[in-house]
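> Sharing model-v4.txt (compact mmCIF, C-alpha atoms and all ligand atoms) below.
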# COMPACT_ATOMS: atom_id res chain seq x y z
CA MET G 9 40.88 52.44 122.59
CA ASN G 10 38.99 51.26 125.64
CA MET G 11 42.13 51.62 127.74
CA PHE G 12 42.58 55.20 126.56
CA LYS G 13 38.99 56.05 127.38
CA SER G 14 39.19 54.71 130.92
CA ILE G 15 42.39 56.72 131.60
CA GLN G 16 40.59 59.82 130.38
CA TYR G 17 37.73 59.08 132.77
CA GLN G 18 40.13 58.46 135.64
CA LYS G 19 41.81 61.80 135.00
CA LEU G 20 38.46 63.53 134.83
CA PHE G 21 37.32 61.86 138.02
CA ALA G 22 40.54 62.85 139.82
CA ALA G 23 40.17 66.45 138.73
CA PHE G 24 36.56 66.46 139.88
CA ALA G 25 37.55 65.00 143.29
CA VAL G 26 40.22 67.68 143.75
CA PHE G 27 37.67 70.32 142.82
CA VAL G 28 35.16 68.97 145.35
CA ILE G 29 37.77 68.84 148.13
CA LEU G 30 39.01 72.35 147.38
CA PHE G 31 35.55 73.80 147.02
CA THR G 32 33.98 72.24 150.10
CA GLY G 33 37.16 72.86 152.11
CA ALA G 34 37.09 76.52 151.23
CA TYR G 35 33.37 76.66 151.89
CA ALA G 36 33.72 75.11 155.36
CA GLU G 37 36.37 77.65 156.28
CA ALA G 38 34.67 80.72 154.82
CA LYS G 39 34.83 83.33 157.52
CA VAL G 40 32.42 86.19 158.11
CA ARG G 41 34.19 89.31 156.90
CA ILE G 42 33.67 92.12 159.38
CA MET G 43 34.74 95.71 158.84
CA THR G 44 34.38 98.19 161.68
CA SER G 45 34.67 101.95 161.65
CA LEU G 46 36.71 102.04 164.88
CA PRO G 47 39.23 99.66 166.47
CA ASP G 48 37.18 99.18 169.67
CA PHE G 49 34.43 97.46 167.70
CA ALA G 50 37.05 95.36 165.91
CA ALA G 51 38.57 94.27 169.23
CA ILE G 52 35.16 93.27 170.61
CA ALA G 53 34.15 91.53 167.36
CA ARG G 54 37.42 89.53 167.43
CA GLU G 55 36.63 88.26 170.91
CA ILE G 56 33.07 87.31 169.95
CA GLY G 57 33.82 85.99 166.45
CA GLY G 58 37.05 84.14 167.26
CA ASP G 59 38.30 82.03 164.37
CA LYS G 60 34.99 82.21 162.53
CA VAL G 61 35.52 85.83 161.47
CA ASP G 62 38.01 88.12 159.77
CA VAL G 63 37.95 91.56 161.35
CA GLU G 64 39.49 94.84 160.35
CA ALA G 65 38.97 98.42 161.48
CA LEU G 66 39.12 101.43 159.17
CA ALA G 67 40.19 104.15 161.63
CA LYS G 68 43.22 103.92 163.91
CA GLY G 69 42.92 104.19 167.67
CA TYR G 70 45.04 107.33 167.74
CA GLN G 71 42.75 109.18 165.29
CA ASP G 72 39.89 111.49 166.25
CA PRO G 73 36.86 109.34 165.34
CA HIS G 74 34.93 112.45 164.24
CA PHE G 75 37.52 113.25 161.58
CA VAL G 76 39.12 110.30 159.82
CA ASP G 77 40.88 110.55 156.45
CA ALA G 78 38.73 108.58 154.01
CA LYS G 79 41.29 106.62 151.99
CA PRO G 80 40.21 105.07 148.64
CA ILE G 81 41.36 101.62 149.85
CA TYR G 82 38.57 101.76 152.47
CA VAL G 83 36.01 101.55 149.65
CA THR G 84 37.59 98.29 148.43
CA LYS G 85 37.65 96.87 151.96
CA LEU G 86 33.98 97.79 152.50
CA ASN G 87 33.07 96.28 149.14
CA ARG G 88 34.19 92.85 150.39
CA ALA G 89 32.55 93.07 153.83
CA ASP G 90 29.71 90.85 155.03
CA VAL G 91 29.18 93.08 158.06
CA LEU G 92 29.96 96.71 158.88
CA ILE G 93 29.87 97.68 162.57
CA TYR G 94 29.99 101.37 163.38
CA ASN G 95 29.36 103.69 166.32
CA GLY G 96 26.41 105.69 165.00
CA LEU G 97 24.91 108.80 166.67
CA ASP G 98 26.58 110.67 163.79
CA LEU G 99 30.09 110.07 165.15
CA GLU G 100 31.35 108.96 161.72
CA ILE G 101 28.99 111.13 159.64
CA GLY G 102 31.85 113.22 158.24
CA TRP G 103 33.65 110.31 156.60
CA LEU G 104 31.89 106.93 156.65
CA PRO G 105 28.65 107.39 154.60
CA PRO G 106 30.40 108.29 151.30
CA LEU G 107 32.67 105.25 151.71
CA VAL G 108 29.68 102.95 152.25
CA THR G 109 27.92 104.40 149.19
CA GLY G 110 31.10 104.06 147.13
CA SER G 111 31.52 100.42 148.14
CA ARG G 112 28.31 99.43 146.26
CA ASN G 113 27.85 96.57 148.70
CA SER G 114 24.18 95.68 149.20
CA LYS G 115 25.02 93.72 152.38
CA ILE G 116 25.91 96.95 154.20
CA ALA G 117 24.44 99.73 152.03
CA THR G 118 21.59 101.00 154.22
CA LEU G 119 20.31 100.74 157.78
CA ASN G 120 18.00 97.96 156.58
CA SER G 121 20.78 95.90 154.99
CA PRO G 122 21.47 92.67 156.90
CA GLY G 123 25.14 93.50 157.57
CA ASN G 124 24.71 97.17 158.50
CA VAL G 125 25.20 97.37 162.26
CA ASP G 126 24.75 100.71 164.06
CA ALA G 127 26.06 99.67 167.48
CA SER G 128 24.40 102.60 169.27
CA GLN G 129 21.12 100.63 169.07
CA TYR G 130 22.48 98.21 171.67
CA ILE G 131 23.38 100.63 174.47
CA GLY G 132 21.10 101.66 177.30
CA THR G 133 20.95 105.43 177.60
CA VAL G 134 22.32 108.00 175.19
CA LEU G 135 23.64 110.94 177.20
CA GLU G 136 23.39 114.65 176.35
CA VAL G 137 20.63 114.29 173.76
CA PRO G 138 19.85 117.88 172.74
CA ILE G 139 16.40 119.15 173.67
CA THR G 140 16.33 121.56 170.75
CA ARG G 141 17.52 120.83 167.24
CA VAL G 142 21.29 121.28 166.92
CA ASP G 143 22.51 123.07 163.85
CA ARG G 144 25.62 121.30 162.61
CA SER G 145 26.66 124.41 160.71
CA MET G 146 27.43 125.93 164.11
CA GLY G 147 30.10 123.26 164.43
CA ASP G 148 28.61 121.13 167.21
CA VAL G 149 29.65 117.58 166.35
CA HIS G 150 27.22 115.91 168.79
CA PRO G 151 23.87 116.75 167.18
CA ARG G 152 22.16 113.50 168.27
CA GLY G 153 23.55 113.22 171.76
CA ASN G 154 26.97 112.21 173.00
CA PRO G 155 28.34 109.43 170.79
CA HIS G 156 31.32 108.36 172.94
CA TYR G 157 29.46 105.60 174.78
CA LEU G 158 32.21 103.00 174.50
CA LEU G 159 34.15 104.81 177.22
CA ASP G 160 31.74 103.30 179.74
CA PRO G 161 32.88 99.66 179.91
CA ARG G 162 29.34 98.52 180.71
CA ASN G 163 28.34 99.63 177.22
CA GLY G 164 31.05 97.32 175.86
CA ILE G 165 29.06 94.40 177.25
CA TYR G 166 25.85 95.56 175.54
CA VAL G 167 27.67 96.05 172.25
CA ALA G 168 29.30 92.61 172.51
CA GLY G 169 25.85 91.08 173.06
CA GLY G 170 24.52 92.87 169.99
CA ILE G 171 27.47 91.70 167.88
CA ALA G 172 26.98 88.10 169.07
CA ALA G 173 23.29 88.23 168.12
CA LYS G 174 24.06 89.72 164.70
CA LEU G 175 26.75 87.10 163.96
CA SER G 176 24.36 84.31 165.00
CA GLU G 177 21.79 85.70 162.57
CA ILE G 178 24.26 85.93 159.67
CA ASP G 179 26.07 82.65 160.46
CA PRO G 180 23.47 80.52 162.32
CA GLU G 181 25.60 77.35 162.17
CA ASN G 182 28.03 78.90 164.64
CA ALA G 183 25.44 80.60 166.85
CA SER G 184 26.33 78.63 169.98
CA TYR G 185 30.01 79.44 169.45
CA TYR G 186 29.29 83.19 169.34
CA GLU G 187 26.99 82.91 172.35
CA GLU G 188 29.69 81.09 174.35
CA ASN G 189 32.31 83.71 173.43
CA TYR G 190 29.92 86.46 174.43
CA LYS G 191 29.36 84.85 177.83
CA ASN G 192 33.11 84.59 178.42
CA PHE G 193 33.63 88.18 177.29
CA ALA G 194 30.84 89.52 179.52
CA ASP G 195 31.84 87.46 182.55
CA SER G 196 35.48 88.51 182.49
CA LEU G 197 34.63 92.15 181.73
CA LYS G 198 32.19 92.23 184.66
CA ILE G 199 34.98 91.06 186.99
CA LYS G 200 37.30 93.73 185.61
CA ILE G 201 34.60 96.41 185.98
CA LYS G 202 34.33 95.59 189.69
CA GLU G 203 38.11 95.92 190.04
CA TRP G 204 38.19 99.26 188.22
CA GLU G 205 35.24 100.55 190.27
CA ALA G 206 37.14 99.64 193.46
CA GLU G 207 40.21 101.52 192.21
CA LEU G 208 38.10 104.57 191.32
CA ALA G 209 35.93 104.51 194.46
CA PRO G 210 38.18 106.73 196.63
CA TYR G 211 37.93 109.50 194.02
CA ARG G 212 34.15 109.61 193.54
CA GLY G 213 32.93 113.20 193.31
CA THR G 214 36.27 114.45 191.95
CA GLU G 215 35.89 117.47 189.68
CA ILE G 216 37.84 117.14 186.44
CA VAL G 217 38.17 119.09 183.21
CA THR G 218 38.28 117.42 179.79
CA TYR G 219 39.30 118.76 176.39
CA HIS G 220 36.35 117.45 174.35
CA LYS G 221 33.08 116.02 175.70
CA LEU G 222 34.69 112.66 175.14
CA TRP G 223 34.57 111.35 178.70
CA ILE G 224 30.91 111.89 179.72
CA TYR G 225 30.10 108.17 179.78
CA PHE G 226 33.36 107.44 181.56
CA THR G 227 32.86 110.12 184.23
CA GLU G 228 29.24 109.10 184.74
CA TRP G 229 30.41 105.54 185.43
CA ALA G 230 33.47 106.55 187.48
CA GLY G 231 31.47 109.01 189.59
CA PHE G 232 33.48 112.09 188.59
CA ASP G 233 31.99 115.51 187.92
CA VAL G 234 33.03 117.44 184.84
CA ALA G 235 33.66 121.04 185.88
CA GLY G 236 34.10 122.15 182.29
CA THR G 237 35.58 121.42 178.89
CA ILE G 238 38.38 123.21 177.08
CA GLU G 239 36.31 123.18 173.90
CA PRO G 240 33.34 125.53 174.50
CA LYS G 241 31.19 123.17 172.38
CA PRO G 242 32.04 119.77 170.88
CA GLY G 243 34.20 120.41 167.83
CA ILE G 244 34.76 124.13 168.51
CA PRO G 245 38.33 125.17 169.44
CA PRO G 246 38.81 127.14 172.69
CA SER G 247 38.63 130.94 172.61
CA PRO G 248 40.58 133.16 175.06
CA SER G 249 37.37 134.26 176.82
CA HIS G 250 36.22 130.67 177.25
CA VAL G 251 39.62 129.70 178.69
CA ALA G 252 39.46 132.64 181.09
CA SER G 253 36.08 131.57 182.47
CA LEU G 254 37.22 127.95 182.65
CA LEU G 255 40.24 129.00 184.73
CA LYS G 256 37.90 130.75 187.19
CA GLU G 257 35.61 127.74 187.38
CA MET G 258 38.57 125.43 188.01
CA GLU G 259 39.76 127.61 190.86
CA VAL G 260 36.33 127.64 192.48
CA LYS G 261 35.92 123.89 192.15
CA HIS G 262 39.55 123.01 193.02
CA VAL G 263 40.02 120.98 189.86
CA ARG G 264 43.17 118.86 190.09
CA LEU G 265 43.01 116.90 186.84
CA ILE G 266 42.61 117.66 183.13
CA ILE G 267 42.26 114.77 180.69
CA ALA G 268 42.20 114.65 176.90
CA GLY G 269 42.09 111.98 174.22
CA ASN G 270 45.61 111.70 172.81
CA TYR G 271 44.58 113.01 169.38
CA TYR G 272 43.71 116.49 170.71
CA PRO G 273 46.13 119.44 170.67
CA GLU G 274 48.03 119.70 173.96
CA LYS G 275 49.01 123.37 174.00
CA THR G 276 45.99 125.01 175.64
CA ALA G 277 45.44 122.12 178.04
CA LYS G 278 49.07 122.25 179.19
CA LEU G 279 48.84 126.01 179.67
CA ILE G 280 45.69 125.65 181.78
CA ALA G 281 47.35 122.88 183.81
CA GLU G 282 50.37 125.09 184.49
CA LYS G 283 48.20 128.03 185.56
CA THR G 284 46.01 125.96 187.87
CA GLY G 285 48.50 123.38 189.15
CA ALA G 286 46.28 120.57 187.86
CA ALA G 287 47.73 117.39 186.41
CA PHE G 288 47.27 116.92 182.68
CA LEU G 289 46.88 113.46 181.11
CA LEU G 290 46.81 112.70 177.39
CA LEU G 291 44.98 109.39 177.45
CA PRO G 292 44.39 106.72 174.86
CA ALA G 293 40.65 106.84 174.13
CA ALA G 294 40.39 103.75 171.94
CA VAL G 295 41.87 100.29 171.51
CA GLU G 296 45.29 100.61 169.82
CA GLY G 297 45.28 104.26 170.89
CA ARG G 298 48.64 103.49 172.42
CA ASP G 299 51.11 100.62 171.97
CA GLY G 300 50.14 97.60 174.05
CA ILE G 301 46.38 98.23 174.08
CA LYS G 302 45.01 95.39 172.00
CA THR G 303 41.75 94.60 173.80
CA TYR G 304 38.83 96.60 175.15
CA SER G 305 39.74 95.53 178.67
CA GLU G 306 43.37 96.66 178.29
CA LEU G 307 42.08 100.09 177.28
CA PHE G 308 40.38 100.56 180.66
CA ASP G 309 43.33 99.07 182.56
CA MET G 310 45.39 101.90 181.06
CA ILE G 311 42.83 104.72 181.53
CA VAL G 312 41.83 103.79 185.08
CA GLY G 313 45.47 103.15 186.05
CA GLU G 314 46.70 106.53 184.79
CA ILE G 315 43.81 108.54 186.22
CA THR G 316 43.99 106.96 189.67
CA SER G 317 47.78 107.39 189.92
CA ALA G 318 47.50 111.05 188.89
CA LEU G 319 44.75 111.65 191.46
CA LYS G 320 46.66 109.75 194.13
CA GLU G 321 49.57 112.11 193.57
CA LYS G 322 47.36 115.22 193.64
CA THR G 323 45.10 114.36 196.57
CA GLY G 324 46.61 113.18 199.82
CA ALA G 325 43.25 112.34 201.38
CA ALA G 326 42.55 109.63 198.83
CA ASN G 327 45.80 107.91 199.80
CA ASP G 328 44.47 107.43 203.32
CA HIS G 329 41.25 106.04 201.86
CA LEU G 330 43.19 103.55 199.77
CA SER G 331 45.40 102.27 202.56
CA HIS G 332 42.30 102.07 204.75
CA ASN G 333 40.51 100.01 202.10
CA GLN G 334 43.46 97.69 201.71
CA GLY G 335 43.78 97.23 205.44
ZN ZN D 401 32.77 113.90 170.20
Is it possible to give me this structure as structure tokens?
Ligand SMILES: [Zn+2]

Amino acid sequence: MNMFKSIQYQKLFAAFAVFVILFTGAYAEAKVRIMTSLPDFAAIAREIGGDKVDVEALAKGYQDPHFVDAKPIYVTKLNRADVLIYNGLDLEIGWLPPLVTGSRNSKIATLNSPGNVDASQYIGTVLEVPITRVDRSMGDVHPRGNPHYLLDPRNGIYVAGGIAAKLSEIDPENASYYEENYKNFADSLKIKIKEWEAELAPYRGTEIVTYHKLWIYFTEWAGFDVAGTIEPKPGIPPSPSHVASLLKEMEVKHVRLIIAGNYYPEKTAKLIAEKTGAAFLLLPAAVEGRDGIKTYSELFDMIVGEITSALKEKTGAANDHLSHNQG
């Protein structure tokens, strides 16, 4: 009888020990679950969060971030998130808010929720903020200023700093880990930014045309001037009269390059390129926007590389500059 009892206790103790090991083991390895609206934020969050986080983006890098198909599975993914990082400035207003509401997740539900991260709060200056109220019914998809700030790599550093601070707040035990990763991210991106600026330097002041007002932050950083856009207003498709006046403007300003995010229709841009003799580049505008672009830094390697080789081909003078710089 006694014997039987002690075996029972041993069994119970063993089961309890296994439970403790499993439970504490799982607890120690619990990662912060981060969902992001766009893949650029996911790429940055991966570099900052390392092995302490699980990160997934909703949209793909080859999708127009203004118009993403809201799949039901996104609601489930958001329901399990500890943190949601999104662009803000109304970039995702057409698809993200109903998903967040549907997820019924108090960690991310509102701006005041601890895991709700509008990354636009971290950047320096928002460009093209309208002076008068913009009526969205007129189709302008930039009612609160230009939301495409991640195409200036310096804003990537600000956003990374914001993400590191937020992760430290949510997961204070690993704060120094996030801080260290942020420092490494910022240091290596600053070195890359200097390299890209050197590559772009011979082409400062170049007039270019873009499809959407997607590249304002990029051109501001690169020192290009935007002679015009193929869309008359953000989100409005080109009309024949608008194209006609753009063609005139391009002739006056000797525009040699047209660029577009690779999710925009090519037809009109190609036609304008043919008529004006300008080069036309369909560029990835986000991480994973093309095969091989897995990090934020690789995105700019690709964009800067393609733009400078197109301009090198189109402008002989810059070639001299380059060889002079190298010599
Ligand atoms: Zn836009």
> Please write as a list of chain:residue names the list of polymer residues whose atoms come within 10 Å of (40.9, 110.8, 160.4), counting all atoms listed in the file and keeping to the coordinates of the file.
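Selection result: G:Leu66, G:Ala67, G:Lys68, G:Tyr70, G:Gln71, G:Asp72, G:Pro73, G:His74, G:Phe75, G:Val76, G:Asp77, G:Ala78, G:Lys79, G:Glu100, G:Gly102, G:Trp103, G:Tyr271.
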> Separation of atom CA of G:Leu197 and atom CA of G:Met310, in Å?
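Between atom CA of G:Leu197 and atom CA of G:Met310 the gap works out to 14.5 Å.
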> Would you mind listing what lies within 9 Å of G:Val134 as a PDB file with C-alpha atoms, in the coordinates of the input, with all atoms listed in the file counted and same-chain residues fewer than 2 positions away left out?

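The result, stored in selection_6.pdb:
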ATOM      1  CA  LEU G  97      24.910 108.800 166.670  1.00  0.00           C
ATOM      2  CA  SER G 128      24.400 102.600 169.270  1.00  0.00           C
ATOM      3  CA  ILE G 131      23.380 100.630 174.470  1.00  0.00           C
ATOM      4  CA  GLY G 132      21.100 101.660 177.300  1.00  0.00           C
ATOM      5  CA  GLU G 136      23.390 114.650 176.350  1.00  0.00           C
ATOM      6  CA  VAL G 137      20.630 114.290 173.760  1.00  0.00           C
ATOM      7  CA  ARG G 152      22.160 113.500 168.270  1.00  0.00           C
ATOM      8  CA  GLY G 153      23.550 113.220 171.760  1.00  0.00           C
ATOM      9  CA  ASN G 154      26.970 112.210 173.000  1.00  0.00           C
ATOM     10  CA  PRO G 155      28.340 109.430 170.790  1.00  0.00           C
ATOM     11  CA  TYR G 157      29.460 105.600 174.780  1.00  0.00           C
TER      12      TYR G 157
END
> Find the spatial neighbours of G:Val217, counting all atoms listed in the file, within a cut-off of 6 Å - ignore same-chain residues fewer than 6 positions away - and output them as a PyMOL selection string.
chain G and resi 234-237+266
> Would you please work out which residue, of G:Ala168, G:Val149, G:Val312, G:Leu265, is nearest to G:Glu205 when using all atoms listed in the file?
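Looking only at the distances to G:Glu205, the closest residue turns out to be G:Val312.
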> Using all atoms listed in the file, collect all residues at a distance of at most 7 Å from (38.1, 112.9, 189.2) as written in the file, then present them as a PyMOL selection string.
chain G and resi 211-216+232-233+265
> Based on the selection just made, write C-alpha atoms of those residues as an mmCIF file, in the frame of the given file.

data_model
loop_
_atom_site.group_PDB
_atom_site.id
_atom_site.type_symbol
_atom_site.label_atom_id
_atom_site.label_comp_id
_atom_site.auth_asym_id
_atom_site.auth_seq_id
_atom_site.Cartn_x
_atom_site.Cartn_y
_atom_site.Cartn_z
ATOM 1 C CA TYR G 211 37.930 109.500 194.020
ATOM 2 C CA ARG G 212 34.150 109.610 193.540
ATOM 3 C CA GLY G 213 32.930 113.200 193.310
ATOM 4 C CA THR G 214 36.270 114.450 191.950
ATOM 5 C CA GLU G 215 35.890 117.470 189.680
ATOM 6 C CA ILE G 216 37.840 117.140 186.440
ATOM 7 C CA PHE G 232 33.480 112.090 188.590
ATOM 8 C CA ASP G 233 31.990 115.510 187.920
ATOM 9 C CA LEU G 265 43.010 116.900 186.840
#
> Which polymer residues have any atom within 9 Å of an atom of stretch 107-113 of chain G, counting all atoms listed in the file, with same-chain residues fewer than 4 positions away left out, as a list in words?
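Here the qualifying residues turn out to be Ala78, Lys79, Pro80, Tyr82, Val83, Thr84, Lys85, Leu86, Asn87, Arg88, Ala89, Asp90, Trp103, Ala117 and Thr118 of chain G.
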> Taking all atoms listed in the file into account, which residues are within 6 Å of ligand ZN 401 (chain D), as a list in words?
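What falls inside 6 Å of ligand ZN 401 (chain D) is Lys221, Leu222 and Pro242 of chain G.
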> Quick one: pull the distance between atom CA of G:Leu104 and atom CA of G:Trp223, Å, one decimal.
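Separation between atom CA of G:Leu104 and atom CA of G:Trp223: 22.6 Å.
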> Using all atoms listed in the file, pick whichever of G:Ala127, G:Ala252, G:Val263, G:Ile42 has the shortest atom-to-atom distance to G:Lys115.
G:Ile42
> So which residues touch G:Lys302 within 12 Å, counting all atoms listed in the file, skipping near sequence neighbours fewer than 2 positions away, as JSON, numbers by chain?
{"G": [47, 48, 49, 50, 51, 52, 54, 55, 68, 69, 292, 294, 295, 296, 297, 298, 299, 300, 304, 305, 306, 307, 308, 309, 310]}
> Using all atoms listed in the file, pick whichever of G:Asn270, G:Ser114, G:Ser317, G:Asn163 has the shortest atom-to-atom distance to G:Trp229.
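Among the listed residues, the smallest separation from G:Trp229 belongs to G:Asn163.
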> Counting only C-alpha atoms, which of G:Ala183, G:Leu208, G:Ile224, G:Leu279 gets nearest to G:Leu159?
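Among G:Ala183, G:Leu208, G:Ile224, G:Leu279, it is G:Ile224 that comes nearest to G:Leu159.
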> Fewer than 4 positions away in the same chain doesn't count, so skip those; otherwise give me all residues within 12 Å of G:Ile199, counting all atoms listed in the file, as a PyMOL selection string.
chain G and resi 161-162+165+192-195+203-206+305
> Can you patch up stretch 179-193 of chain G, filling it in to N, CA and C atoms, and show the result as a PDB file, in the coordinates of the input?

ATOM      1  N   ASP G 179      25.360  83.935 160.531  1.00  0.00           N
ATOM      2  CA  ASP G 179      26.070  82.650 160.460  1.00  0.00           C
ATOM      3  C   ASP G 179      25.476  81.699 161.502  1.00  0.00           C
ATOM      4  N   PRO G 180      24.198  81.267 161.284  1.00  0.00           N
ATOM      5  CA  PRO G 180      23.470  80.520 162.320  1.00  0.00           C
ATOM      6  C   PRO G 180      24.149  79.200 162.728  1.00  0.00           C
ATOM      7  N   GLU G 181      24.931  78.609 161.825  1.00  0.00           N
ATOM      8  CA  GLU G 181      25.600  77.350 162.170  1.00  0.00           C
ATOM      9  C   GLU G 181      26.516  77.489 163.374  1.00  0.00           C
ATOM     10  N   ASN G 182      27.084  78.688 163.545  1.00  0.00           N
ATOM     11  CA  ASN G 182      28.030  78.900 164.640  1.00  0.00           C
ATOM     12  C   ASN G 182      27.426  79.708 165.795  1.00  0.00           C
ATOM     13  N   ALA G 183      26.107  79.762 165.846  1.00  0.00           N
ATOM     14  CA  ALA G 183      25.440  80.600 166.850  1.00  0.00           C
ATOM     15  C   ALA G 183      25.878  80.273 168.275  1.00  0.00           C
ATOM     16  N   SER G 184      25.977  78.978 168.592  1.00  0.00           N
ATOM     17  CA  SER G 184      26.330  78.630 169.980  1.00  0.00           C
ATOM     18  C   SER G 184      27.770  79.025 170.294  1.00  0.00           C
ATOM     19  N   TYR G 185      28.626  79.000 169.281  1.00  0.00           N
ATOM     20  CA  TYR G 185      30.010  79.440 169.450  1.00  0.00           C
ATOM     21  C   TYR G 185      30.073  80.930 169.819  1.00  0.00           C
ATOM     22  N   TYR G 186      29.299  81.745 169.067  1.00  0.00           N
ATOM     23  CA  TYR G 186      29.290  83.190 169.340  1.00  0.00           C
ATOM     24  C   TYR G 186      28.697  83.468 170.729  1.00  0.00           C
ATOM     25  N   GLU G 187      27.657  82.721 171.054  1.00  0.00           N
ATOM     26  CA  GLU G 187      26.990  82.910 172.350  1.00  0.00           C
ATOM     27  C   GLU G 187      27.942  82.599 173.504  1.00  0.00           C
ATOM     28  N   GLU G 188      28.696  81.506 173.333  1.00  0.00           N
ATOM     29  CA  GLU G 188      29.690  81.090 174.350  1.00  0.00           C
ATOM     30  C   GLU G 188      30.773  82.170 174.509  1.00  0.00           C
ATOM     31  N   ASN G 189      31.274  82.667 173.374  1.00  0.00           N
ATOM     32  CA  ASN G 189      32.310  83.710 173.430  1.00  0.00           C
ATOM     33  C   ASN G 189      31.781  84.970 174.089  1.00  0.00           C
ATOM     34  N   TYR G 190      30.514  85.292 173.794  1.00  0.00           N
ATOM     35  CA  TYR G 190      29.920  86.460 174.430  1.00  0.00           C
ATOM     36  C   TYR G 190      29.863  86.288 175.938  1.00  0.00           C
ATOM     37  N   LYS G 191      29.456  85.107 176.385  1.00  0.00           N
ATOM     38  CA  LYS G 191      29.360  84.850 177.830  1.00  0.00           C
ATOM     39  C   LYS G 191      30.720  85.025 178.495  1.00  0.00           C
ATOM     40  N   ASN G 192      31.759  84.448 177.866  1.00  0.00           N
ATOM     41  CA  ASN G 192      33.110  84.590 178.420  1.00  0.00           C
ATOM     42  C   ASN G 192      33.548  86.042 178.463  1.00  0.00           C
ATOM     43  N   PHE G 193      33.253  86.769 177.372  1.00  0.00           N
ATOM     44  CA  PHE G 193      33.630  88.180 177.290  1.00  0.00           C
ATOM     45  C   PHE G 193      32.935  88.964 178.411  1.00  0.00           C
TER      46      PHE G 193
END
